[in-house]
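Chemist: Provided herewith: start.cif, mmCIF, C-alpha atoms.
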data_query
loop_
_atom_site.group_PDB
_atom_site.id
_atom_site.type_symbol
_atom_site.label_atom_id
_atom_site.label_comp_id
_atom_site.auth_asym_id
_atom_site.auth_seq_id
_atom_site.Cartn_x
_atom_site.Cartn_y
_atom_site.Cartn_z
ATOM 1 C CA MET A 1129 -9.159 12.138 -18.803
ATOM 2 C CA TYR A 1130 -8.453 15.424 -17.052
ATOM 3 C CA PHE A 1131 -9.597 16.478 -13.603
ATOM 4 C CA ASP A 1132 -12.592 18.249 -15.159
ATOM 5 C CA ASP A 1133 -13.687 15.259 -17.228
ATOM 6 C CA MET A 1134 -14.743 13.046 -14.291
ATOM 7 C CA GLY A 1135 -17.503 14.161 -11.938
ATOM 8 C CA VAL A 1136 -18.363 12.714 -8.532
ATOM 9 C CA GLY A 1137 -20.022 9.353 -9.179
ATOM 10 C CA PHE A 1138 -18.038 8.625 -12.345
ATOM 11 C CA SER A 1139 -17.074 4.952 -12.246
ATOM 12 C CA TYR A 1140 -15.125 2.454 -14.294
ATOM 13 C CA GLU A 1141 -13.940 -1.121 -14.209
ATOM 14 C CA THR A 1142 -10.583 -2.556 -15.286
ATOM 15 C CA ASP A 1143 -9.672 -5.719 -17.126
ATOM 16 C CA GLU A 1144 -9.189 -8.906 -15.151
ATOM 17 C CA ARG A 1145 -5.843 -10.508 -14.346
ATOM 18 C CA GLU A 1146 -4.982 -13.906 -12.900
ATOM 19 C CA ILE A 1147 -2.478 -14.370 -10.093
ATOM 20 C CA THR A 1148 -0.414 -17.563 -10.051
ATOM 21 C CA GLU A 1149 1.235 -19.463 -7.211
ATOM 22 C CA GLU A 1150 4.616 -18.705 -8.776
ATOM 23 C CA GLU A 1151 3.909 -14.946 -8.775
ATOM 24 C CA ILE A 1152 2.687 -15.043 -5.166
ATOM 25 C CA ILE A 1153 5.855 -16.779 -3.967
ATOM 26 C CA ALA A 1154 8.212 -14.575 -6.027
ATOM 27 C CA PHE A 1155 6.614 -11.378 -4.694
ATOM 28 C CA ALA A 1156 6.706 -12.663 -1.111
ATOM 29 C CA GLN A 1157 10.383 -13.583 -1.389
ATOM 30 C CA GLN A 1158 11.177 -10.031 -2.427
ATOM 31 C CA TRP A 1159 8.884 -7.926 -0.221
ATOM 32 C CA ASP A 1160 6.798 -9.865 2.282
ATOM 33 C CA PRO A 1161 8.490 -13.110 3.379
ATOM 34 C CA GLN A 1162 5.864 -14.477 5.765
ATOM 35 C CA PRO A 1163 5.135 -18.255 5.798
ATOM 36 C CA PHE A 1164 1.537 -17.933 4.527
ATOM 37 C CA HIS A 1165 2.786 -15.988 1.453
ATOM 38 C CA LEU A 1166 5.943 -18.005 0.825
ATOM 39 C CA ASP A 1167 5.372 -21.694 1.273
ATOM 40 C CA PRO A 1168 2.240 -23.722 0.400
ATOM 41 C CA GLU A 1169 3.143 -26.395 2.980
ATOM 42 C CA ALA A 1170 3.718 -23.960 5.845
ATOM 43 C CA ALA A 1171 0.633 -21.969 4.787
ATOM 44 C CA ARG A 1172 -1.566 -25.045 5.233
ATOM 45 C CA GLU A 1173 -0.725 -25.039 8.941
ATOM 46 C CA THR A 1174 -1.893 -21.429 9.416
ATOM 47 C CA HIS A 1175 -5.481 -20.204 9.898
ATOM 48 C CA TYR A 1176 -5.520 -19.315 6.168
ATOM 49 C CA GLY A 1177 -5.371 -23.034 5.324
ATOM 50 C CA GLY A 1178 -3.159 -22.476 2.273
ATOM 51 C CA LEU A 1179 -1.026 -20.007 0.351
ATOM 52 C CA ILE A 1180 -2.372 -16.449 0.088
ATOM 53 C CA ALA A 1181 -0.989 -13.435 -1.766
ATOM 54 C CA SER A 1182 0.703 -10.635 0.147
ATOM 55 C CA GLY A 1183 -1.803 -7.811 0.566
ATOM 56 C CA LEU A 1184 0.864 -5.565 -0.874
ATOM 57 C CA GLN A 1185 0.822 -7.642 -4.059
ATOM 58 C CA THR A 1186 -2.963 -7.264 -4.313
ATOM 59 C CA LEU A 1187 -2.439 -3.508 -4.000
ATOM 60 C CA ALA A 1188 0.320 -3.592 -6.637
ATOM 61 C CA MET A 1189 -1.957 -5.502 -9.017
ATOM 62 C CA ALA A 1190 -4.719 -2.955 -8.395
ATOM 63 C CA PHE A 1191 -2.311 -0.100 -9.235
ATOM 64 C CA ARG A 1192 -1.238 -1.811 -12.449
ATOM 65 C CA LEU A 1193 -4.747 -2.783 -13.578
ATOM 66 C CA THR A 1194 -5.899 0.781 -12.902
ATOM 67 C CA LEU A 1195 -3.023 2.320 -14.869
ATOM 68 C CA ASP A 1196 -3.557 -0.119 -17.737
ATOM 69 C CA ALA A 1197 -7.228 0.911 -17.883
ATOM 70 C CA GLY A 1198 -5.907 4.319 -18.939
ATOM 71 C CA ILE A 1199 -8.639 6.405 -17.313
ATOM 72 C CA TRP A 1200 -6.785 9.243 -15.581
ATOM 73 C CA ASN A 1201 -3.085 8.420 -15.853
ATOM 74 C CA GLU A 1202 -2.250 10.766 -18.741
ATOM 75 C CA SER A 1203 -3.149 13.684 -16.476
ATOM 76 C CA SER A 1204 -1.732 12.249 -13.236
ATOM 77 C CA ALA A 1205 0.747 14.284 -11.220
ATOM 78 C CA GLY A 1206 1.029 11.717 -8.432
ATOM 79 C CA SER A 1207 -0.865 10.812 -5.281
ATOM 80 C CA PRO A 1208 -0.643 12.221 -1.758
ATOM 81 C CA GLY A 1209 -1.900 9.006 -0.182
ATOM 82 C CA LEU A 1210 -4.372 6.229 0.534
ATOM 83 C CA ASP A 1211 -7.008 5.806 3.233
ATOM 84 C CA GLU A 1212 -8.897 2.923 4.798
ATOM 85 C CA LEU A 1213 -7.075 0.173 2.967
ATOM 86 C CA ARG A 1214 -8.705 -3.128 4.008
ATOM 87 C CA TRP A 1215 -7.758 -6.676 3.063
ATOM 88 C CA ARG A 1216 -11.173 -8.253 3.260
ATOM 89 C CA ARG A 1217 -10.663 -11.760 1.872
ATOM 90 C CA PRO A 1218 -7.622 -13.890 1.069
ATOM 91 C CA VAL A 1219 -6.331 -13.882 -2.540
ATOM 92 C CA ARG A 1220 -5.263 -17.385 -3.572
ATOM 93 C CA PRO A 1221 -3.365 -18.882 -6.533
ATOM 94 C CA GLY A 1222 -5.541 -18.913 -9.655
ATOM 95 C CA ASP A 1223 -7.784 -16.054 -8.510
ATOM 96 C CA ARG A 1224 -8.653 -13.518 -11.187
ATOM 97 C CA LEU A 1225 -8.764 -9.931 -9.983
ATOM 98 C CA LYS A 1226 -10.257 -6.771 -11.407
ATOM 99 C CA VAL A 1227 -10.748 -3.281 -10.010
ATOM 100 C CA ARG A 1228 -13.735 -0.967 -9.777
ATOM 101 C CA GLY A 1229 -13.118 2.730 -9.197
ATOM 102 C CA GLN A 1230 -15.654 5.429 -8.382
ATOM 103 C CA VAL A 1231 -14.981 9.144 -7.921
ATOM 104 C CA THR A 1232 -16.174 10.164 -4.443
ATOM 105 C CA ASP A 1233 -14.821 13.705 -4.129
ATOM 106 C CA MET A 1234 -13.051 16.356 -6.206
ATOM 107 C CA ARG A 1235 -11.730 19.818 -5.471
ATOM 108 C CA PRO A 1236 -9.654 22.225 -7.556
ATOM 109 C CA SER A 1237 -6.361 23.234 -5.942
ATOM 110 C CA ARG A 1238 -6.248 26.761 -4.526
ATOM 111 C CA SER A 1239 -2.479 27.085 -4.595
ATOM 112 C CA LYS A 1240 -1.941 25.388 -7.989
ATOM 113 C CA PRO A 1241 -4.868 26.267 -10.257
ATOM 114 C CA GLU A 1242 -3.651 23.997 -13.058
ATOM 115 C CA ARG A 1243 -4.547 20.904 -11.070
ATOM 116 C CA GLY A 1244 -7.098 19.376 -8.729
ATOM 117 C CA MET A 1245 -7.507 16.575 -6.213
ATOM 118 C CA THR A 1246 -9.737 13.657 -7.131
ATOM 119 C CA GLU A 1247 -10.641 11.017 -4.561
ATOM 120 C CA ILE A 1248 -11.453 7.579 -5.903
ATOM 121 C CA ALA A 1249 -12.890 4.650 -3.915
ATOM 122 C CA TYR A 1250 -11.470 1.374 -5.206
ATOM 123 C CA GLU A 1251 -12.714 -2.161 -4.804
ATOM 124 C CA VAL A 1252 -10.724 -5.185 -5.966
ATOM 125 C CA LEU A 1253 -12.947 -8.126 -6.845
ATOM 126 C CA ASN A 1254 -12.189 -11.778 -7.445
ATOM 127 C CA GLN A 1255 -13.755 -14.078 -10.056
ATOM 128 C CA HIS A 1256 -16.690 -14.763 -7.689
ATOM 129 C CA GLY A 1257 -17.510 -11.057 -7.476
ATOM 130 C CA GLU A 1258 -16.294 -10.915 -3.859
ATOM 131 C CA VAL A 1259 -14.467 -7.791 -2.690
ATOM 132 C CA VAL A 1260 -10.985 -8.905 -1.607
ATOM 133 C CA MET A 1261 -9.571 -5.432 -0.939
ATOM 134 C CA SER A 1262 -10.851 -1.870 -0.784
ATOM 135 C CA TYR A 1263 -9.240 1.534 -0.345
ATOM 136 C CA ARG A 1264 -9.598 5.195 -1.176
ATOM 137 C CA ALA A 1265 -6.862 7.052 -3.045
ATOM 138 C CA MET A 1266 -6.266 10.716 -3.668
ATOM 139 C CA HIS A 1267 -5.021 11.609 -7.124
ATOM 140 C CA LEU A 1268 -3.505 14.892 -8.249
ATOM 141 C CA LEU A 1269 -4.845 15.388 -11.767
ATOM 142 C CA MET A 1270 -4.162 18.150 -14.252
ATOM 143 C CA ARG A 1271 -7.111 20.375 -15.180
ATOM 144 C CA SER A 1272 -8.252 20.403 -18.784
ATOM 145 C CA PRO A 1273 -7.006 23.265 -21.014
ATOM 146 C CA GLU A 1274 -10.638 23.992 -21.920
ATOM 147 C CA ALA A 1275 -11.767 24.352 -18.301
ATOM 148 C CA LEU A 1276 -8.809 26.599 -17.486
ATOM 149 C CA ALA A 1277 -9.454 28.789 -20.551
ATOM 150 C CA GLU A 1278 -13.098 29.078 -19.594
ATOM 151 C CA GLU A 1279 -12.279 30.133 -16.031
ATOM 152 C CA ALA A 1280 -9.718 32.640 -17.305
ATOM 153 C CA GLY A 1281 -12.416 34.062 -19.599
ATOM 154 C CA GLU A 1282 -14.828 34.445 -16.685
ATOM 155 C CA GLY A 1283 -12.187 36.023 -14.420
ATOM 156 C CA MET B 1179 7.475 -10.787 20.308
ATOM 157 C CA TYR B 1180 3.920 -11.766 21.123
ATOM 158 C CA PHE B 1181 0.921 -9.465 21.409
ATOM 159 C CA ASP B 1182 1.435 -9.255 25.171
ATOM 160 C CA ASP B 1183 5.125 -8.344 24.935
ATOM 161 C CA MET B 1184 4.635 -4.884 23.379
ATOM 162 C CA GLY B 1185 2.690 -2.201 25.238
ATOM 163 C CA VAL B 1186 1.315 1.062 23.846
ATOM 164 C CA GLY B 1187 4.304 3.345 23.318
ATOM 165 C CA PHE B 1188 6.732 0.516 22.504
ATOM 166 C CA SER B 1189 8.894 1.664 19.599
ATOM 167 C CA TYR B 1190 11.660 0.352 17.412
ATOM 168 C CA GLU B 1191 13.730 1.296 14.405
ATOM 169 C CA THR B 1192 14.829 -0.871 11.485
ATOM 170 C CA ASP B 1193 18.076 -1.074 9.578
ATOM 171 C CA GLU B 1194 18.630 1.287 6.655
ATOM 172 C CA ARG B 1195 18.470 0.310 2.995
ATOM 173 C CA GLU B 1196 19.485 2.189 -0.138
ATOM 174 C CA ILE B 1197 17.265 2.411 -3.189
ATOM 175 C CA THR B 1198 18.944 2.587 -6.601
ATOM 176 C CA GLU B 1199 17.813 4.086 -9.914
ATOM 177 C CA GLU B 1200 17.819 0.576 -11.395
ATOM 178 C CA GLU B 1201 15.492 -0.722 -8.660
ATOM 179 C CA ILE B 1202 13.142 2.252 -9.057
ATOM 180 C CA ILE B 1203 12.817 1.696 -12.808
ATOM 181 C CA ALA B 1204 12.441 -2.106 -12.516
ATOM 182 C CA PHE B 1205 9.666 -1.761 -9.925
ATOM 183 C CA ALA B 1206 7.861 0.893 -11.983
ATOM 184 C CA GLN B 1207 7.982 -1.254 -15.113
ATOM 185 C CA GLN B 1208 6.268 -4.053 -13.254
ATOM 186 C CA TRP B 1209 3.712 -2.233 -11.090
ATOM 187 C CA ASP B 1210 3.534 1.524 -11.571
ATOM 188 C CA PRO B 1211 4.547 2.590 -15.097
ATOM 189 C CA GLN B 1212 4.195 6.364 -14.806
ATOM 190 C CA PRO B 1213 6.776 8.640 -16.493
ATOM 191 C CA PHE B 1214 8.164 10.106 -13.245
ATOM 192 C CA HIS B 1215 8.898 6.546 -11.956
ATOM 193 C CA LEU B 1216 10.109 5.051 -15.252
ATOM 194 C CA ASP B 1217 12.300 7.414 -17.152
ATOM 195 C CA PRO B 1218 14.868 9.915 -15.769
ATOM 196 C CA GLU B 1219 14.537 12.095 -18.903
ATOM 197 C CA ALA B 1220 10.747 12.283 -18.853
ATOM 198 C CA ALA B 1221 10.791 12.743 -15.068
ATOM 199 C CA ARG B 1222 12.924 15.877 -15.427
ATOM 200 C CA GLU B 1223 10.030 17.517 -17.303
ATOM 201 C CA THR B 1224 7.538 16.870 -14.474
ATOM 202 C CA HIS B 1225 7.056 18.940 -11.313
ATOM 203 C CA TYR B 1226 9.203 16.344 -9.472
ATOM 204 C CA GLY B 1227 12.237 17.490 -11.484
ATOM 205 C CA GLY B 1228 13.680 13.965 -11.724
ATOM 206 C CA LEU B 1229 13.075 10.287 -11.166
ATOM 207 C CA ILE B 1230 11.185 9.351 -7.983
ATOM 208 C CA ALA B 1231 10.295 5.920 -6.589
ATOM 209 C CA SER B 1232 6.746 4.627 -6.820
ATOM 210 C CA GLY B 1233 5.031 5.199 -3.485
ATOM 211 C CA LEU B 1234 4.125 1.543 -3.604
ATOM 212 C CA GLN B 1235 7.828 0.662 -3.699
ATOM 213 C CA THR B 1236 8.476 2.820 -0.630
ATOM 214 C CA LEU B 1237 5.685 0.895 1.098
ATOM 215 C CA ALA B 1238 7.146 -2.433 -0.074
ATOM 216 C CA MET B 1239 10.573 -1.445 1.285
ATOM 217 C CA ALA B 1240 8.956 -0.452 4.580
ATOM 218 C CA PHE B 1241 7.259 -3.875 4.793
ATOM 219 C CA ARG B 1242 10.519 -5.675 4.111
ATOM 220 C CA LEU B 1243 12.633 -3.574 6.482
ATOM 221 C CA THR B 1244 10.011 -4.098 9.194
ATOM 222 C CA LEU B 1245 9.903 -7.870 8.679
ATOM 223 C CA ASP B 1246 13.705 -8.061 8.610
ATOM 224 C CA ALA B 1247 13.818 -6.230 11.945
ATOM 225 C CA GLY B 1248 12.099 -9.322 13.357
ATOM 226 C CA ILE B 1249 10.068 -7.543 16.027
ATOM 227 C CA TRP B 1250 6.595 -9.083 15.765
ATOM 228 C CA ASN B 1251 6.645 -11.282 12.665
ATOM 229 C CA GLU B 1252 7.070 -14.642 14.427
ATOM 230 C CA SER B 1253 3.658 -14.091 16.017
ATOM 231 C CA SER B 1254 1.965 -12.424 13.020
ATOM 232 C CA ALA B 1255 -1.305 -13.822 11.732
ATOM 233 C CA GLY B 1256 -1.689 -11.147 9.048
ATOM 234 C CA SER B 1257 -3.058 -7.618 8.809
ATOM 235 C CA PRO B 1258 -6.605 -6.348 8.282
ATOM 236 C CA GLY B 1259 -5.412 -3.093 6.750
ATOM 237 C CA LEU B 1260 -3.656 0.271 6.691
ATOM 238 C CA ASP B 1261 -4.858 3.791 7.435
ATOM 239 C CA GLU B 1262 -3.759 7.314 6.591
ATOM 240 C CA LEU B 1263 -0.948 6.328 4.266
ATOM 241 C CA ARG B 1264 0.758 9.559 3.142
ATOM 242 C CA TRP B 1265 3.586 10.047 0.687
ATOM 243 C CA ARG B 1266 5.126 13.155 2.186
ATOM 244 C CA ARG B 1267 8.355 13.628 0.223
ATOM 245 C CA PRO B 1268 9.754 12.155 -2.976
ATOM 246 C CA VAL B 1269 12.146 9.195 -2.693
ATOM 247 C CA ARG B 1270 15.013 9.513 -5.177
ATOM 248 C CA PRO B 1271 17.791 7.235 -6.424
ATOM 249 C CA GLY B 1272 20.503 6.822 -3.785
ATOM 250 C CA ASP B 1273 18.206 7.624 -0.852
ATOM 251 C CA ARG B 1274 18.673 5.429 2.202
ATOM 252 C CA LEU B 1275 15.455 4.532 3.979
ATOM 253 C CA LYS B 1276 14.706 3.182 7.422
ATOM 254 C CA VAL B 1277 11.487 2.692 9.352
ATOM 255 C CA ARG B 1278 10.350 3.696 12.824
ATOM 256 C CA GLY B 1279 7.376 1.913 14.356
ATOM 257 C CA GLN B 1280 5.476 2.782 17.513
ATOM 258 C CA VAL B 1281 2.580 0.866 19.051
ATOM 259 C CA THR B 1282 -0.400 3.224 19.334
ATOM 260 C CA ASP B 1283 -3.209 0.839 20.337
ATOM 261 C CA MET B 1284 -3.756 -2.796 21.297
ATOM 262 C CA ARG B 1285 -6.807 -4.851 22.140
ATOM 263 C CA PRO B 1286 -7.252 -8.589 22.743
ATOM 264 C CA SER B 1287 -9.708 -10.260 20.389
ATOM 265 C CA ARG B 1288 -13.093 -11.149 21.906
ATOM 266 C CA SER B 1289 -13.959 -13.826 19.360
ATOM 267 C CA LYS B 1290 -10.455 -15.366 19.140
ATOM 268 C CA PRO B 1291 -8.839 -15.198 22.574
ATOM 269 C CA GLU B 1292 -5.521 -16.582 21.315
ATOM 270 C CA ARG B 1293 -4.770 -13.379 19.457
ATOM 271 C CA GLY B 1294 -5.000 -9.606 19.605
ATOM 272 C CA MET B 1295 -4.931 -6.536 17.390
ATOM 273 C CA THR B 1296 -1.929 -4.231 17.617
ATOM 274 C CA GLU B 1297 -1.902 -0.888 15.839
ATOM 275 C CA ILE B 1298 1.485 0.486 14.866
ATOM 276 C CA ALA B 1299 2.211 3.970 13.509
ATOM 277 C CA TYR B 1300 5.041 3.824 10.979
ATOM 278 C CA GLU B 1301 7.314 6.539 9.666
ATOM 279 C CA VAL B 1302 9.771 5.970 6.837
ATOM 280 C CA LEU B 1303 12.756 8.288 7.026
ATOM 281 C CA ASN B 1304 15.456 9.140 4.517
ATOM 282 C CA GLN B 1305 19.166 9.708 5.203
ATOM 283 C CA HIS B 1306 18.433 13.356 6.137
ATOM 284 C CA GLY B 1307 15.993 12.296 8.856
ATOM 285 C CA GLU B 1308 13.035 13.551 6.806
ATOM 286 C CA VAL B 1309 9.790 11.581 6.913
ATOM 287 C CA VAL B 1310 9.076 10.458 3.340
ATOM 288 C CA MET B 1311 6.037 8.278 4.125
ATOM 289 C CA SER B 1312 3.833 7.548 7.108
ATOM 290 C CA TYR B 1313 0.966 5.157 7.790
ATOM 291 C CA ARG B 1314 -0.772 3.181 10.488
ATOM 292 C CA ALA B 1315 -1.117 -0.588 10.212
ATOM 293 C CA MET B 1316 -3.187 -3.076 12.160
ATOM 294 C CA HIS B 1317 -1.466 -6.363 12.952
ATOM 295 C CA LEU B 1318 -3.085 -9.560 14.168
ATOM 296 C CA LEU B 1319 -0.590 -10.994 16.656
ATOM 297 C CA MET B 1320 -0.726 -14.229 18.636
ATOM 298 C CA ARG B 1321 -0.946 -13.862 22.418
ATOM 299 C CA SER B 1322 1.875 -15.269 24.501
ATOM 300 C CA PRO B 1323 1.379 -18.745 26.016
ATOM 301 C CA GLU B 1324 2.240 -17.253 29.427
ATOM 302 C CA ALA B 1325 -0.424 -14.548 29.233
ATOM 303 C CA LEU B 1326 -3.059 -17.052 28.113
ATOM 304 C CA ALA B 1327 -2.139 -19.475 30.906
ATOM 305 C CA GLU B 1328 -2.345 -16.661 33.429
ATOM 306 C CA GLU B 1329 -5.787 -15.592 32.235
ATOM 307 C CA ALA B 1330 -6.996 -19.217 32.247
ATOM 308 C CA GLY B 1331 -5.764 -19.491 35.868
ATOM 309 C CA GLU B 1332 -7.682 -16.369 36.835
ATOM 310 C CA GLY B 1333 -10.864 -17.495 35.073
#
Would you write out, as structure tokens, the structure that this file holds?
Modeler:
Amino acid sequence: MYFDDMGVGFSYETDEREITEEEIIAFAQQWDPQPFHLDPEAARETHYGGLIASGLQTLAMAFRLTLDAGIWNESSAGSPGLDELRWRRPVRPGDRLKVRGQVTDMRPSRSKPERGMTEIAYEVLNQHGEVVMSYRAMHLLMRSPEALAEEAGEG
Amino acid sequence: MYFDDMGVGFSYETDEREITEEEIIAFAQQWDPQPFHLDPEAARETHYGGLIASGLQTLAMAFRLTLDAGIWNESSAGSPGLDELRWRRPVRPGDRLKVRGQVTDMRPSRSKPERGMTEIAYEVLNQHGEVVMSYRAMHLLMRSPEALAEEAGEG
């Protein structure tokens, strides 16, 4: 979908994906080697009471699930950033995550008329329907050829 | 370092690490399969003019460099979230990244007196000294035994 194809309020949901203990440990070894992400024994001694996924891995899974949903990625020209990222509940081995996205703002670019900025509020949910992470992302999306032709016709 | 060992204004810098084309492509295949992260040929056709690292990979490198610097991680009890994450310049194969952190706020927890919340503003710089990414993170850090003993003595 192009910038012009999603209005404010447009929402979608991705497929679900399970996260395993093996994946949690492998990710932590590479990027986030803290005891509660790395080692089930050590994690039991922390206030988390057991192994939890790196928040960065939850974010990475959200990125991948969102891309695989194929909503806006064909028209994506990148992202300037994220806001208010919150890790709201621990993600544990065996949890199944999915992502809900809802468009909260959109504005055509003034300097680059062929694209626009779309803001999407994301929630990552576990198999119990609990929100484990939330954030807002800005996406640079290409405008649709039809919308651009129409505006050129008006101008 | 414990919560009490870093005041507002405390700053530090990590070691530097290079990112290779191979690492950029491998990360993109797993987490962020967009053409400008995946394929040098396809990336040349985009407005980036060549392969760039996933912003998520820049964040992952920042996490790892920060942990490896060993400033606060021994006392870390996790992070509630990140704010104002901005990808400010592309990261390209061969770039060497390092991280600067500066404490911008700190407050002891009311409900859990053994820990406190420390806010750190991070900048990721490339080998030219340009800021490629910035964000603020909240860190839950354990209070020092000395500070807790002192407060108990006063109370």
Chemist: Could you give me, as CSV, a per-residue list for chain A showing, wherever an atom lies at most 8 Å from an atom of chain B, the closest pair of atoms and their distance in Å to one decimal, using only C-alpha atoms and sorting by chain then residue number from low to high?
Modeler:
residue,atom,partner,partner_atom,distance
A:Gln1158,CA,B:Arg1242,CA,7.9
A:Trp1159,CA,B:Arg1242,CA,5.1
A:Asp1160,CA,B:Arg1242,CA,5.9
A:Pro1161,CA,B:Leu1245,CA,7.6
A:Gln1162,CA,B:Asn1251,CA,7.6
A:Thr1174,CA,B:Ala1255,CA,8.0
A:His1175,CA,B:Ala1255,CA,7.8
A:Leu1184,CA,B:Ala1238,CA,7.1
A:Ala1188,CA,B:Trp1209,CA,5.8
A:Met1189,CA,B:Trp1209,CA,6.9
A:Phe1191,CA,B:Asp1210,CA,6.5
A:Arg1192,CA,B:Trp1209,CA,5.2
A:Leu1195,CA,B:Asp1210,CA,7.4
A:Asn1201,CA,B:Gln1212,CA,7.6
A:Ala1205,CA,B:His1225,CA,7.8
A:Ser1207,CA,B:Trp1265,CA,7.5
A:Pro1208,CA,B:Trp1265,CA,5.3
A:Gly1209,CA,B:Arg1264,CA,4.3
A:Leu1210,CA,B:Leu1263,CA,5.1
A:Asp1211,CA,B:Glu1262,CA,4.9
A:Glu1212,CA,B:Asp1261,CA,4.9
A:Leu1213,CA,B:Leu1260,CA,5.1
A:Arg1214,CA,B:Gly1259,CA,4.3
A:Trp1215,CA,B:Pro1258,CA,5.4
A:Arg1216,CA,B:Pro1258,CA,7.1
Chemist: Around (-4.3, -11.2, 22.8), as given in the file, which residues come within 12 Å? Count only C-alpha atoms and list them as a ChimeraX atom specification.
Modeler: /B:1180-1185,1253-1255,1284-1296,1317-1327,1329
Chemist: Let me make sure I understand: among B:Pro1271, B:Gly1248, B:Gly1227, B:Gly1331, which one has the smallest atom-to-atom distance to Gln1305 in chain B if we use all atoms listed in the file?
Modeler: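 Counting all atoms listed in the file, the residue closest to Gln1305 in chain B is B:Pro1271.
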Chemist: Interatomic distance between CA of Gln1280 in chain B and CA of Ala1231 in chain B?
Modeler: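 It comes out at 24.8 Å.
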Chemist: Name all residues at most 12 Å from Arg1228 in chain A (count only C-alpha atoms; drop same-chain ones fewer than 6 positions away) and give them as an MDAnalysis selection string.
Modeler: chainID A and resid 1138:1144 1190:1191 1193:1194 1197 1199 1248:1254 1257:1264
Chemist: How many Å lie between CA of Val1227 in chain A and CA of Trp1200 in chain A, rounded to one decimal?
Modeler: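 That distance, rounded to one decimal, is 14.3 Å.
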Chemist: What is the CA of Glu1297 in chain B-CA of Glu1173 in chain A distance in Å, reported with one decimal?
Modeler: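 CA of Glu1297 in chain B sits 25.1 Å away from CA of Glu1173 in chain A.
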Chemist: Box along x, y and z, 3 Å on every side, all listed atoms of range 1166-1179 of chain A inside: centre and edge lengths in Å to one decimal, as JSON.
Modeler:
{"center_x": 0.2, "center_y": -22.2, "center_z": 5.1, "size_x": 17.5, "size_y": 14.4, "size_z": 15.5}
